[in-house]
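Q: Pasting protein_16.txt here (compact mmCIF, C-alpha atoms and all ligand atoms):
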# COMPACT_ATOMS: atom_id res chain seq x y z
CA MET A 25 19.46 0.79 -24.51
CA LYS A 26 15.85 0.87 -23.32
CA LYS A 27 15.51 1.96 -19.70
CA ILE A 28 14.58 -0.80 -17.24
CA LEU A 29 11.91 0.55 -14.90
CA LEU A 30 11.08 -0.03 -11.25
CA SER A 31 7.35 -0.61 -11.73
CA SER A 32 5.34 0.99 -14.54
CA PRO A 33 1.69 0.82 -15.62
CA HIS A 34 0.92 -2.37 -17.54
CA MET A 35 -2.39 -2.48 -19.39
CA SER A 36 -3.88 -5.78 -20.53
CA ASP A 37 -2.81 -7.13 -23.93
CA ALA A 38 -6.49 -7.75 -24.72
CA GLY A 39 -7.35 -4.07 -24.24
CA TYR A 40 -10.06 -4.64 -21.59
CA GLU A 41 -9.40 -1.21 -20.08
CA GLN A 42 -10.15 0.57 -23.36
CA GLU A 43 -13.38 -1.38 -23.81
CA TYR A 44 -14.73 -0.21 -20.46
CA VAL A 45 -13.56 3.35 -21.09
CA LYS A 46 -15.17 3.26 -24.55
CA GLU A 47 -18.42 2.10 -22.96
CA ALA A 48 -18.31 5.14 -20.71
CA PHE A 49 -17.77 7.40 -23.75
CA ASP A 50 -20.52 5.72 -25.76
CA THR A 51 -23.06 6.25 -22.99
CA ASN A 52 -21.64 9.73 -22.23
CA TRP A 53 -21.11 8.47 -18.70
CA ILE A 54 -17.88 10.42 -18.37
CA ALA A 55 -18.76 11.95 -15.04
CA PRO A 56 -19.53 12.04 -12.24
CA LEU A 57 -20.32 8.45 -11.25
CA GLY A 58 -21.77 5.65 -13.32
CA GLU A 59 -21.77 1.97 -14.16
CA ASN A 60 -17.99 1.48 -14.11
CA VAL A 61 -17.71 2.88 -10.59
CA ASN A 62 -20.44 0.59 -9.24
CA LYS A 63 -19.08 -2.42 -11.09
CA PHE A 64 -15.45 -1.73 -10.09
CA GLU A 65 -16.52 -1.62 -6.44
CA GLU A 66 -18.50 -4.83 -6.82
CA GLU A 67 -15.75 -6.65 -8.70
CA LEU A 68 -12.95 -5.63 -6.36
CA ALA A 69 -15.04 -6.51 -3.29
CA LYS A 70 -15.76 -9.91 -4.81
CA TYR A 71 -12.08 -10.46 -5.61
CA VAL A 72 -10.82 -9.81 -2.07
CA GLU A 73 -13.96 -11.37 -0.53
CA VAL A 74 -15.28 -8.41 1.40
CA LYS A 75 -18.86 -7.13 1.47
CA HIS A 76 -18.60 -3.40 0.78
CA ALA A 77 -16.33 -1.02 -1.11
CA ALA A 78 -16.11 2.68 -1.96
CA ALA A 79 -14.09 3.74 -5.01
CA LEU A 80 -12.16 6.93 -4.24
CA SER A 81 -9.79 9.32 -6.00
CA SER A 82 -6.68 7.96 -4.24
CA GLY A 83 -5.40 5.60 -1.59
CA THR A 84 -4.60 8.65 0.51
CA ALA A 85 -8.26 9.75 0.34
CA ALA A 86 -9.23 6.21 1.41
CA ILE A 87 -6.96 6.43 4.48
CA HIS A 88 -8.35 9.86 5.31
CA LEU A 89 -11.97 8.68 5.15
CA ALA A 90 -11.13 5.45 7.01
CA LEU A 91 -9.87 7.63 9.88
CA LYS A 92 -13.10 9.62 9.79
CA ALA A 93 -15.18 6.44 9.62
CA ALA A 94 -13.27 5.21 12.67
CA GLY A 95 -14.39 8.36 14.52
CA ILE A 96 -11.06 10.18 14.75
CA LYS A 97 -11.14 13.41 16.79
CA LYS A 98 -8.75 16.32 17.15
CA GLY A 99 -5.88 15.43 19.50
CA ASP A 100 -6.43 11.65 19.33
CA ILE A 101 -3.37 9.45 19.25
CA VAL A 102 -3.11 7.10 16.26
CA PHE A 103 -0.55 4.29 16.20
CA CYS A 104 1.01 4.16 12.73
CA GLN A 105 3.66 1.93 11.21
CA SER A 106 6.83 3.99 10.83
CA LEU A 107 8.32 2.20 7.84
CA THR A 108 5.95 3.29 5.07
CA PHE A 109 5.18 5.96 2.50
CA SER A 110 4.17 9.32 3.98
CA ALA A 111 0.64 8.94 2.55
CA THR A 112 -0.10 6.48 5.37
CA ALA A 113 0.57 9.10 8.04
CA ASN A 114 -0.41 12.43 6.44
CA PRO A 115 -4.20 12.01 6.90
CA ILE A 116 -3.67 11.72 10.69
CA ILE A 117 -2.36 15.28 10.54
CA TYR A 118 -5.23 16.41 8.26
CA GLU A 119 -7.51 15.54 11.20
CA ASP A 120 -5.35 17.37 13.78
CA ALA A 121 -4.60 14.07 15.49
CA THR A 122 -1.24 12.85 16.79
CA PRO A 123 0.66 9.98 15.22
CA VAL A 124 2.81 7.69 17.37
CA PHE A 125 5.09 5.70 15.12
CA ILE A 126 5.69 1.98 15.63
CA ASP A 127 8.81 0.07 14.60
CA SER A 128 8.86 -2.93 12.23
CA GLU A 129 10.00 -6.51 12.81
CA GLY A 130 12.44 -8.53 10.73
CA ASP A 131 10.09 -11.40 9.77
CA THR A 132 7.64 -9.24 7.80
CA TRP A 133 9.21 -5.73 7.72
CA ASN A 134 5.85 -4.51 9.03
CA MET A 135 4.49 -3.36 12.41
CA ASP A 136 6.08 -5.31 15.26
CA PRO A 137 3.27 -6.75 17.45
CA VAL A 138 5.57 -6.52 20.48
CA ALA A 139 6.17 -2.82 19.86
CA LEU A 140 2.41 -2.31 19.36
CA LYS A 141 1.73 -3.90 22.77
CA GLU A 142 4.34 -1.61 24.28
CA ALA A 143 2.64 1.37 22.62
CA PHE A 144 -0.71 0.43 24.20
CA ARG A 145 1.03 0.21 27.61
CA LYS A 146 2.35 3.74 27.13
CA TYR A 147 -0.81 5.20 25.55
CA PRO A 148 -3.64 2.92 26.79
CA ASN A 149 -6.49 5.09 25.50
CA THR A 150 -5.51 4.89 21.85
CA LYS A 151 -8.42 3.92 19.63
CA ILE A 152 -6.99 3.70 16.09
CA VAL A 153 -4.11 1.69 14.61
CA ILE A 154 -2.82 1.86 11.01
CA VAL A 155 -0.83 -1.18 9.90
CA VAL A 156 0.80 -1.43 6.46
CA ASN A 157 1.54 -4.44 4.22
CA LEU A 158 4.77 -3.08 2.79
CA TYR A 159 5.99 -3.99 -0.69
CA GLY A 160 3.19 -6.60 -0.79
CA ASN A 161 4.34 -8.49 2.31
CA PRO A 162 1.60 -9.00 4.92
CA ALA A 163 2.07 -7.92 8.53
CA LYS A 164 1.25 -10.46 11.27
CA LEU A 165 -2.32 -9.33 10.80
CA ASP A 166 -3.97 -11.86 13.11
CA GLU A 167 -1.73 -10.89 16.03
CA ILE A 168 -2.09 -7.17 15.32
CA LEU A 169 -5.90 -7.53 15.10
CA GLU A 170 -5.98 -9.45 18.39
CA ILE A 171 -4.03 -6.71 20.18
CA CYS A 172 -6.41 -4.09 18.73
CA LYS A 173 -9.45 -6.06 19.92
CA GLU A 174 -8.01 -6.39 23.45
CA ASN A 175 -7.69 -2.61 23.49
CA ASN A 176 -11.01 -1.81 21.76
CA ALA A 177 -9.12 -0.11 18.96
CA THR A 178 -10.12 0.10 15.29
CA LEU A 179 -7.64 -1.42 12.84
CA ILE A 180 -7.07 0.30 9.49
CA GLU A 181 -5.09 -1.83 7.08
CA ASP A 182 -3.08 0.12 4.51
CA ALA A 183 -3.03 -2.52 1.77
CA ALA A 184 -2.11 0.04 -0.91
CA GLU A 185 0.84 -2.11 -1.96
CA SER A 186 -0.61 -5.55 -1.23
CA LEU A 187 -3.70 -6.05 -3.41
CA GLY A 188 -3.98 -9.81 -3.97
CA THR A 189 -1.61 -10.80 -1.14
CA ILE A 190 -2.89 -13.72 0.91
CA TYR A 191 -2.17 -14.20 4.59
CA LYS A 192 -3.50 -17.34 6.30
CA ASP A 193 -6.01 -18.00 3.49
CA LYS A 194 -7.45 -14.48 3.56
CA PHE A 195 -6.75 -11.46 1.36
CA THR A 196 -4.88 -8.54 2.91
CA GLY A 197 -7.07 -5.48 3.25
CA THR A 198 -9.83 -7.62 4.80
CA PHE A 199 -8.32 -8.25 8.24
CA GLY A 200 -8.79 -4.77 9.63
CA ASP A 201 -12.09 -2.96 10.23
CA TYR A 202 -11.14 -0.97 7.14
CA GLY A 203 -8.87 -1.87 4.22
CA VAL A 204 -7.27 0.59 1.83
CA PHE A 205 -6.10 -0.08 -1.73
CA SER A 206 -4.32 2.25 -4.16
CA PHE A 207 -4.38 2.27 -7.96
CA ASN A 208 -1.66 4.87 -8.35
CA GLY A 209 0.52 4.55 -11.46
CA ASN A 210 3.25 2.42 -9.91
CA LYS A 211 1.02 -0.03 -8.01
CA ILE A 212 0.36 -3.63 -9.09
CA ILE A 213 -2.73 -2.49 -10.99
CA THR A 214 -3.51 1.12 -11.81
CA THR A 215 -6.41 3.36 -12.81
CA SER A 216 -3.87 6.17 -13.51
CA GLY A 217 -4.83 7.32 -10.04
CA GLY A 218 -7.40 6.02 -7.59
CA GLY A 219 -8.12 4.13 -4.42
CA MET A 220 -10.66 1.93 -2.68
CA LEU A 221 -11.88 1.63 0.88
CA VAL A 222 -13.34 -1.75 1.84
CA SER A 223 -15.17 -2.93 4.95
CA GLU A 224 -17.76 -5.40 6.21
CA ASN A 225 -19.63 -2.41 7.66
CA GLU A 226 -22.20 -1.25 5.10
CA GLU A 227 -23.33 1.77 7.09
CA ARG A 228 -19.76 3.12 7.36
CA ILE A 229 -19.05 2.57 3.66
CA GLU A 230 -22.26 4.43 2.75
CA LYS A 231 -21.14 7.26 5.03
CA VAL A 232 -17.74 7.32 3.30
CA LYS A 233 -19.45 7.64 -0.10
CA PHE A 234 -21.51 10.51 1.34
CA TRP A 235 -18.43 12.38 2.62
CA ALA A 236 -16.62 11.67 -0.67
CA THR A 237 -19.36 13.42 -2.69
CA GLN A 238 -19.31 16.73 -0.78
CA ALA A 239 -21.54 15.50 2.08
CA ARG A 240 -24.63 16.43 0.14
CA GLU A 241 -27.79 15.65 2.10
CA LYS A 242 -30.77 14.03 0.41
CA ALA A 243 -32.77 17.14 -0.52
CA LYS A 244 -33.96 18.89 -3.66
CA HIS A 245 -31.55 21.75 -3.01
CA TYR A 246 -27.91 21.71 -1.85
CA GLU A 247 -28.14 20.98 1.87
CA HIS A 248 -25.04 20.38 4.03
CA LYS A 249 -24.83 19.38 7.69
CA GLU A 250 -21.24 18.14 7.54
CA ILE A 251 -17.97 19.04 5.81
CA GLY A 252 -17.56 17.06 2.61
CA TYR A 253 -14.78 16.11 0.21
CA ASN A 254 -14.45 15.68 -3.53
CA TYR A 255 -12.92 12.22 -3.25
CA ARG A 256 -14.91 9.97 -5.63
CA LEU A 257 -13.25 8.01 -8.43
CA SER A 258 -14.31 9.03 -11.93
CA ASN A 259 -16.24 6.63 -14.15
CA ILE A 260 -13.38 6.71 -16.68
CA CYS A 261 -10.72 5.71 -14.14
CA ALA A 262 -13.03 3.02 -12.77
CA GLY A 263 -13.26 1.59 -16.30
CA ILE A 264 -9.48 1.26 -16.42
CA GLY A 265 -9.65 -0.41 -13.00
CA ARG A 266 -12.19 -2.99 -14.17
CA GLY A 267 -9.92 -3.96 -17.06
CA GLN A 268 -6.86 -4.11 -14.81
CA LEU A 269 -8.63 -6.34 -12.30
CA LYS A 270 -8.87 -8.96 -15.06
CA VAL A 271 -5.09 -9.20 -15.27
CA LEU A 272 -4.33 -8.93 -11.56
CA ASP A 273 -3.68 -12.68 -11.17
CA GLU A 274 -1.35 -12.58 -14.16
CA ARG A 275 0.54 -9.61 -12.68
CA ILE A 276 0.89 -11.37 -9.32
CA ALA A 277 2.35 -14.43 -11.07
CA GLN A 278 4.78 -12.23 -13.03
CA LYS A 279 5.88 -10.30 -9.93
CA GLY A 280 6.35 -13.59 -8.06
CA SER A 281 8.55 -14.93 -10.80
CA ILE A 282 10.66 -11.74 -10.79
CA TYR A 283 11.19 -12.12 -7.02
CA GLN A 284 12.08 -15.81 -7.39
CA ILE A 285 14.67 -15.13 -10.09
CA TYR A 286 16.37 -12.48 -7.91
CA LYS A 287 16.22 -14.83 -4.93
CA ASN A 288 17.85 -17.70 -6.83
CA SER A 289 20.44 -15.50 -8.51
CA PHE A 290 21.61 -13.86 -5.28
CA SER A 291 21.43 -16.96 -3.07
CA SER A 292 25.17 -17.55 -3.26
CA ILE A 293 26.19 -13.87 -3.03
CA ASP A 294 27.13 -12.80 0.51
CA GLU A 295 26.75 -9.06 -0.11
CA ILE A 296 23.02 -9.16 -0.91
CA GLU A 297 19.92 -10.91 0.40
CA MET A 298 16.30 -10.65 -0.73
CA MET A 299 13.47 -9.53 1.54
CA PRO A 300 11.79 -12.32 3.55
CA VAL A 301 8.54 -14.03 2.57
CA PRO A 302 6.53 -14.11 5.82
CA ILE A 303 5.33 -17.54 6.92
CA ASN A 304 1.71 -18.47 6.09
CA SER A 305 1.64 -15.94 3.30
CA LYS A 306 1.46 -15.59 -0.48
CA PRO A 307 2.68 -12.04 -1.19
CA ASN A 308 1.85 -10.23 -4.44
CA HIS A 309 5.58 -9.27 -4.63
CA TRP A 310 4.74 -5.73 -5.75
CA LEU A 311 8.38 -4.71 -5.35
CA SER A 312 11.37 -6.99 -4.91
CA VAL A 313 13.56 -5.40 -2.26
CA ALA A 314 17.08 -6.47 -1.30
CA LEU A 315 19.24 -5.77 1.75
CA LEU A 316 22.89 -5.01 1.11
CA ASP A 317 25.75 -6.14 3.26
CA SER A 318 28.56 -4.66 1.20
CA LYS A 319 30.97 -1.72 1.13
CA ILE A 320 28.67 -0.23 -1.55
CA THR A 321 25.72 1.61 -0.01
CA PRO A 322 22.17 1.43 -1.41
CA LEU A 323 22.52 5.03 -2.62
CA GLU A 324 25.75 4.22 -4.47
CA LEU A 325 24.09 1.19 -6.05
CA VAL A 326 21.03 3.24 -7.11
CA GLU A 327 23.33 5.80 -8.73
CA ALA A 328 25.53 3.21 -10.43
CA LEU A 329 22.48 1.39 -11.84
CA GLU A 330 21.02 4.67 -13.09
CA LYS A 331 24.16 5.21 -15.18
CA VAL A 332 23.42 2.00 -17.08
CA GLY A 333 19.72 2.78 -17.58
CA ILE A 334 18.32 0.77 -14.66
CA GLU A 335 15.82 2.39 -12.32
CA SER A 336 15.97 1.38 -8.65
CA ARG A 337 15.14 3.16 -5.41
CA ARG A 338 16.11 3.13 -1.77
CA ALA A 339 13.72 1.56 0.74
CA TRP A 340 11.17 3.86 2.45
CA LYS A 341 12.66 6.24 4.98
CA PRO A 342 10.80 5.67 8.27
CA MET A 343 8.33 8.36 9.33
CA HIS A 344 10.01 8.88 12.73
CA MET A 345 13.18 9.97 10.84
CA GLN A 346 11.31 12.47 8.65
CA PRO A 347 11.83 16.15 9.51
CA VAL A 348 8.09 16.83 9.17
CA PHE A 349 7.25 14.21 11.84
CA LYS A 350 10.22 14.78 14.16
CA ASN A 351 8.10 15.90 17.12
CA TYR A 352 6.13 12.66 17.40
CA ASP A 353 6.91 9.65 19.55
CA PHE A 354 8.38 6.42 18.19
CA ILE A 355 8.06 3.03 19.88
CA ASN A 356 10.70 0.37 19.34
CA VAL A 357 11.65 -2.67 21.40
CA VAL A 358 15.11 -3.41 20.01
CA SER A 359 18.09 -1.11 20.46
CA LYS A 360 18.67 -0.65 16.72
CA PRO A 361 15.20 -0.09 15.18
CA VAL A 362 14.41 -2.59 12.43
CA SER A 363 12.84 0.15 10.27
CA GLU A 364 16.12 2.13 10.36
CA GLU A 365 18.14 -0.94 9.44
CA ILE A 366 15.91 -1.61 6.41
CA PHE A 367 16.19 2.02 5.33
CA GLU A 368 19.98 1.96 5.65
CA ARG A 369 20.47 -1.32 3.79
CA GLY A 370 17.44 -1.66 1.51
CA ILE A 371 17.16 -1.18 -2.24
CA CYS A 372 14.06 -1.71 -4.40
CA LEU A 373 15.10 -3.54 -7.55
CA PRO A 374 13.32 -3.30 -10.91
CA SER A 375 10.05 -5.23 -10.50
CA ASP A 376 8.39 -4.12 -13.71
CA THR A 377 6.10 -6.76 -15.23
CA LYS A 378 7.06 -5.46 -18.68
CA MET A 379 10.70 -6.37 -18.02
CA SER A 380 11.88 -9.43 -19.99
CA GLU A 381 13.93 -12.24 -18.42
CA GLU A 382 16.92 -11.06 -20.45
CA GLU A 383 16.53 -7.57 -19.03
CA GLN A 384 16.27 -8.94 -15.51
CA GLN A 385 19.47 -10.89 -16.14
CA ILE A 386 21.16 -7.62 -17.12
CA VAL A 387 20.00 -6.11 -13.81
CA ILE A 388 21.33 -9.10 -11.86
CA ASN A 389 24.70 -9.03 -13.61
CA GLU A 390 25.07 -5.28 -13.04
CA VAL A 391 24.11 -5.53 -9.36
CA ILE A 392 26.61 -8.32 -8.72
CA LYS A 393 29.34 -6.48 -10.62
CA ILE A 394 28.78 -3.26 -8.64
CA ILE A 395 28.47 -4.73 -5.14
CA LYS A 396 31.57 -6.88 -5.66
CA LEU A 397 33.69 -3.79 -6.51
C1 LIG B 1 0.79 4.37 -2.70
C2 LIG B 1 0.59 4.29 -1.24
C3 LIG B 1 -0.39 5.04 -0.58
C4 LIG B 1 -1.16 6.15 -1.24
O1 LIG B 1 -1.89 5.83 -2.32
P1 LIG B 1 -2.25 6.96 -3.41
O2 LIG B 1 -3.27 6.27 -4.26
O3 LIG B 1 -0.99 7.27 -4.13
O4 LIG B 1 -2.80 8.12 -2.69
C5 LIG B 1 -0.58 4.84 0.77
N1 LIG B 1 0.16 3.97 1.45
C6 LIG B 1 1.13 3.25 0.87
C7 LIG B 1 1.89 2.29 1.71
C8 LIG B 1 1.39 3.39 -0.48
O5 LIG B 1 2.39 2.70 -1.05
Could you render the structure as structure tokens?

A:
Amino acid sequence: MKKILLSSPHMSDAGYEQEYVKEAFDTNWIAPLGENVNKFEEELAKYVEVKHAAALSSGTAAIHLALKAAGIKKGDIVFCQSLTFSATANPIIYEDATPVFIDSEGDTWNMDPVALKEAFRKYPNTKIVIVVNLYGNPAKLDEILEICKENNATLIEDAAESLGTIYKDKFTGTFGDYGVFSFNGNKIITTSGGGMLVSENEERIEKVKFWATQAREKAKHYEHKEIGYNYRLSNICAGIGRGQLKVLDERIAQKGSIYQIYKNSFSSIDEIEMMPVPINSKPNHWLSVALLDSKITPLELVEALEKVGIESRRAWKPMHMQPVFKNYDFINVVSKPVSEEIFERGICLPSDTKMSEEEQQIVINEVIKIIKL
């Protein structure tokens, strides 16, 4: 039997990606920058309705440069959502700053605004907050932004998983002062690897592009006044991105339908419930995640599914539980942290847009069979 995957790259049937890549070959615009990079920035910015964008080599690079654009300094405290992928938090450490992890809330699975307020009471001088829109679900971005404004803090929105998600009529990634997208292989669209930083602030985005190209000053020789990075996206990868952007709406519709089928199929099963859809939102449903309430643990289910050729994965393990971050503070306002509960009970089900309805039915039947054991 063919393996059913969690979320794999899905190029357009029309072959748009190859056309843009071919264009780059034909003009020998393989590297460094070029038309595809400029156009990919323009087209993505237009899609999410933001003014400025910088195409970068990864989402992680985008978070790193967002922190620098926000003026991070050694020793600064940064509030960071705990339930996320480590790439959200690692760049805080690159800058010798100190993360303080914030718990999630049940409605969205993202940063709890009440816990964020509590964090500002404990660390009132904090100037940077990183919120995440996990699995494509938006955080309560308006409330989070309001709390940041009251405290004169910069909001960085890690929208790596939520490209195309709408919250209160606005695209995620455009609420914060900076928005981060990822085009890693498993994301809703991919450039094989890549990222984008977006902002309304033109001056900061220009500065990010400067840092991302080795901080080379405008001079006839190589002149450097600041430390730079090699973080730009290649013109080839940007070509793939331009093609993928054309099928983003189609992918969102497919992912939404996958979520809905799981939701309907499990509605009468007590041992499993699907992740919530936050109010006032239209998620991109990047991954469909379920919470188990059965004798079978998520790990046992992952292993049992693997035996029948179905790829699934446990939910993110919160950063405050990670050995590498064990010395940092964690703020929660309920006795059993929501992020820990999601980790203990969550399983990411196959959400691959190449999966057929028949294959999804196989997944559903297997899941029900296993959790009912
Ligand atoms: C994928 C991801 C990133 C990192 O993106 P890369 O392009 O892989 O560097 C950051 N944050 C979250 C939440 C992600 O899922």

Q: From the set A:Leu257, A:Leu325, A:Leu29, A:Val45, which residue has the shortest atom-to-atom contact distance to ligand LIG 1 (chain B), counting only C-alpha atoms and all ligand atoms?

A: A:Leu257

Q: Please identify all protein, DNA and RNA residues within 10 Å of ligand LIG 1 (chain B), counting all atoms listed in the file, and report them as a PyMOL selection string.

A: chain A and resi 80-88+105+107-114+155-160+181-186+204-211+214-220+310+340

Q: What's the separation between atom CA of Thr122 of chain A and atom CA of Gly252 of chain A, in Å to one decimal place?

A: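 Separating atom CA of Thr122 of chain A from atom CA of Gly252 of chain A is a distance of 22.0 Å.
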
Q: I'd like a table as JSON lines: residues in segment 93-131 of chain A with an atom no more than 12 Å from segment 354-369 of chain A, each row giving the shortest atom pair and its distance in Å to one decimal, only C-alpha atoms counted, sorted by chain and rising residue number.

A:
{"residue": "A:Val102", "atom": "CA", "partner": "A:Phe354", "partner_atom": "CA", "distance": 11.7}
{"residue": "A:Phe103", "atom": "CA", "partner": "A:Phe354", "partner_atom": "CA", "distance": 9.4}
{"residue": "A:Cys104", "atom": "CA", "partner": "A:Phe354", "partner_atom": "CA", "distance": 9.4}
{"residue": "A:Gln105", "atom": "CA", "partner": "A:Ser363", "partner_atom": "CA", "distance": 9.4}
{"residue": "A:Ser106", "atom": "CA", "partner": "A:Ser363", "partner_atom": "CA", "distance": 7.2}
{"residue": "A:Leu107", "atom": "CA", "partner": "A:Ser363", "partner_atom": "CA", "distance": 5.5}
{"residue": "A:Thr108", "atom": "CA", "partner": "A:Ser363", "partner_atom": "CA", "distance": 9.2}
{"residue": "A:Thr122", "atom": "CA", "partner": "A:Phe354", "partner_atom": "CA", "distance": 11.7}
{"residue": "A:Pro123", "atom": "CA", "partner": "A:Phe354", "partner_atom": "CA", "distance": 9.0}
{"residue": "A:Val124", "atom": "CA", "partner": "A:Phe354", "partner_atom": "CA", "distance": 5.8}
{"residue": "A:Phe125", "atom": "CA", "partner": "A:Phe354", "partner_atom": "CA", "distance": 4.6}
{"residue": "A:Ile126", "atom": "CA", "partner": "A:Ile355", "partner_atom": "CA", "distance": 5.0}
{"residue": "A:Asp127", "atom": "CA", "partner": "A:Asn356", "partner_atom": "CA", "distance": 5.1}
{"residue": "A:Ser128", "atom": "CA", "partner": "A:Ser363", "partner_atom": "CA", "distance": 5.4}
{"residue": "A:Glu129", "atom": "CA", "partner": "A:Val362", "partner_atom": "CA", "distance": 5.9}
{"residue": "A:Gly130", "atom": "CA", "partner": "A:Val362", "partner_atom": "CA", "distance": 6.5}
{"residue": "A:Asp131", "atom": "CA", "partner": "A:Val362", "partner_atom": "CA", "distance": 10.2}

Q: Would you mind telling me which residue in A:Asn259, A:Asn175, A:Pro322, A:Ala121 lies nearest to Lys46 of chain A when using only C-alpha atoms?

A: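 Comparing A:Asn259, A:Asn175, A:Pro322, A:Ala121 against Lys46 of chain A, the winner is A:Asn259.
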
Q: When distances are computed from all atoms listed in the file, which of A:Ser318, A:Ser336, A:Thr189, A:Asn225 shows the smallest separation from Ala90 of chain A?

A: A:Asn225

Q: Quick one, how far is atom CA of Ala38 of chain A from atom CA of Arg256 of chain A?

A: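 Separation of atom CA of Ala38 of chain A and atom CA of Arg256 of chain A: 27.4 Å.
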
Q: Near Ile180 of chain A, within 10 Å and counting all atoms listed in the file, which residues show up once chain neighbours fewer than 4 positions away are dropped, as a list in words?

A: Ile87, Ala90, Leu91, Ala94, Cys104, Ile152, Val153, Ile154, Val155, Val156, Leu169, Gly197, Thr198, Phe199, Gly200, Asp201, Tyr202, Gly203, Val204, Leu221 and Ser223 of chain A

Q: May I have the selected residues written with C-alpha atoms, as a tab-separated table (two decimals), in the coordinates of the input?

A:
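Output (out.tsv):
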chain	number	residue	atom	x	y	z
A	87	ILE	CA	-6.96	6.43	4.48
A	90	ALA	CA	-11.13	5.45	7.01
A	91	LEU	CA	-9.87	7.63	9.88
A	94	ALA	CA	-13.27	5.21	12.67
A	104	CYS	CA	1.01	4.16	12.73
A	152	ILE	CA	-6.99	3.70	16.09
A	153	VAL	CA	-4.11	1.69	14.61
A	154	ILE	CA	-2.82	1.86	11.01
A	155	VAL	CA	-0.83	-1.18	9.90
A	156	VAL	CA	0.80	-1.43	6.46
A	169	LEU	CA	-5.90	-7.53	15.10
A	197	GLY	CA	-7.07	-5.48	3.25
A	198	THR	CA	-9.83	-7.62	4.80
A	199	PHE	CA	-8.32	-8.25	8.24
A	200	GLY	CA	-8.79	-4.77	9.63
A	201	ASP	CA	-12.09	-2.96	10.23
A	202	TYR	CA	-11.14	-0.97	7.14
A	203	GLY	CA	-8.87	-1.87	4.22
A	204	VAL	CA	-7.27	0.59	1.83
A	221	LEU	CA	-11.88	1.63	0.88
A	223	SER	CA	-15.17	-2.93	4.95

Q: Please list as an MDAnalysis selection string every residue within 12 Å of Gln385 of chain A, counting only C-alpha atoms and excluding residues in the same chain fewer than 2 positions away.

A: chainID A and resid 28 282 285:286 288:290 334 374 379:383 387:392

Q: Filtering to C-alpha atoms, could you give me those residues as a tab-separated table (two decimals), keeping the file's coordinate frame?

A:
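And here is the file that came out, result_5.tsv:
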chain	number	residue	atom	x	y	z
A	28	ILE	CA	14.58	-0.80	-17.24
A	282	ILE	CA	10.66	-11.74	-10.79
A	285	ILE	CA	14.67	-15.13	-10.09
A	286	TYR	CA	16.37	-12.48	-7.91
A	288	ASN	CA	17.85	-17.70	-6.83
A	289	SER	CA	20.44	-15.50	-8.51
A	290	PHE	CA	21.61	-13.86	-5.28
A	334	ILE	CA	18.32	0.77	-14.66
A	374	PRO	CA	13.32	-3.30	-10.91
A	379	MET	CA	10.70	-6.37	-18.02
A	380	SER	CA	11.88	-9.43	-19.99
A	381	GLU	CA	13.93	-12.24	-18.42
A	382	GLU	CA	16.92	-11.06	-20.45
A	383	GLU	CA	16.53	-7.57	-19.03
A	387	VAL	CA	20.00	-6.11	-13.81
A	388	ILE	CA	21.33	-9.10	-11.86
A	389	ASN	CA	24.70	-9.03	-13.61
A	390	GLU	CA	25.07	-5.28	-13.04
A	391	VAL	CA	24.11	-5.53	-9.36
A	392	ILE	CA	26.61	-8.32	-8.72

Q: Quick one, how far is atom CA of Glu335 of chain A from atom CA of Pro302 of chain A?

A: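 Straight-line distance from atom CA of Glu335 of chain A to atom CA of Pro302 of chain A works out to 26.2 Å.
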
Q: Select, from A:Lys141, A:Gln284, A:Glu47, A:Pro148, the residue with the minimum atom-to-atom distance to Asp100 of chain A, counting only C-alpha atoms.

A: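 Among A:Lys141, A:Gln284, A:Glu47, A:Pro148, it is A:Pro148 that comes nearest to Asp100 of chain A.
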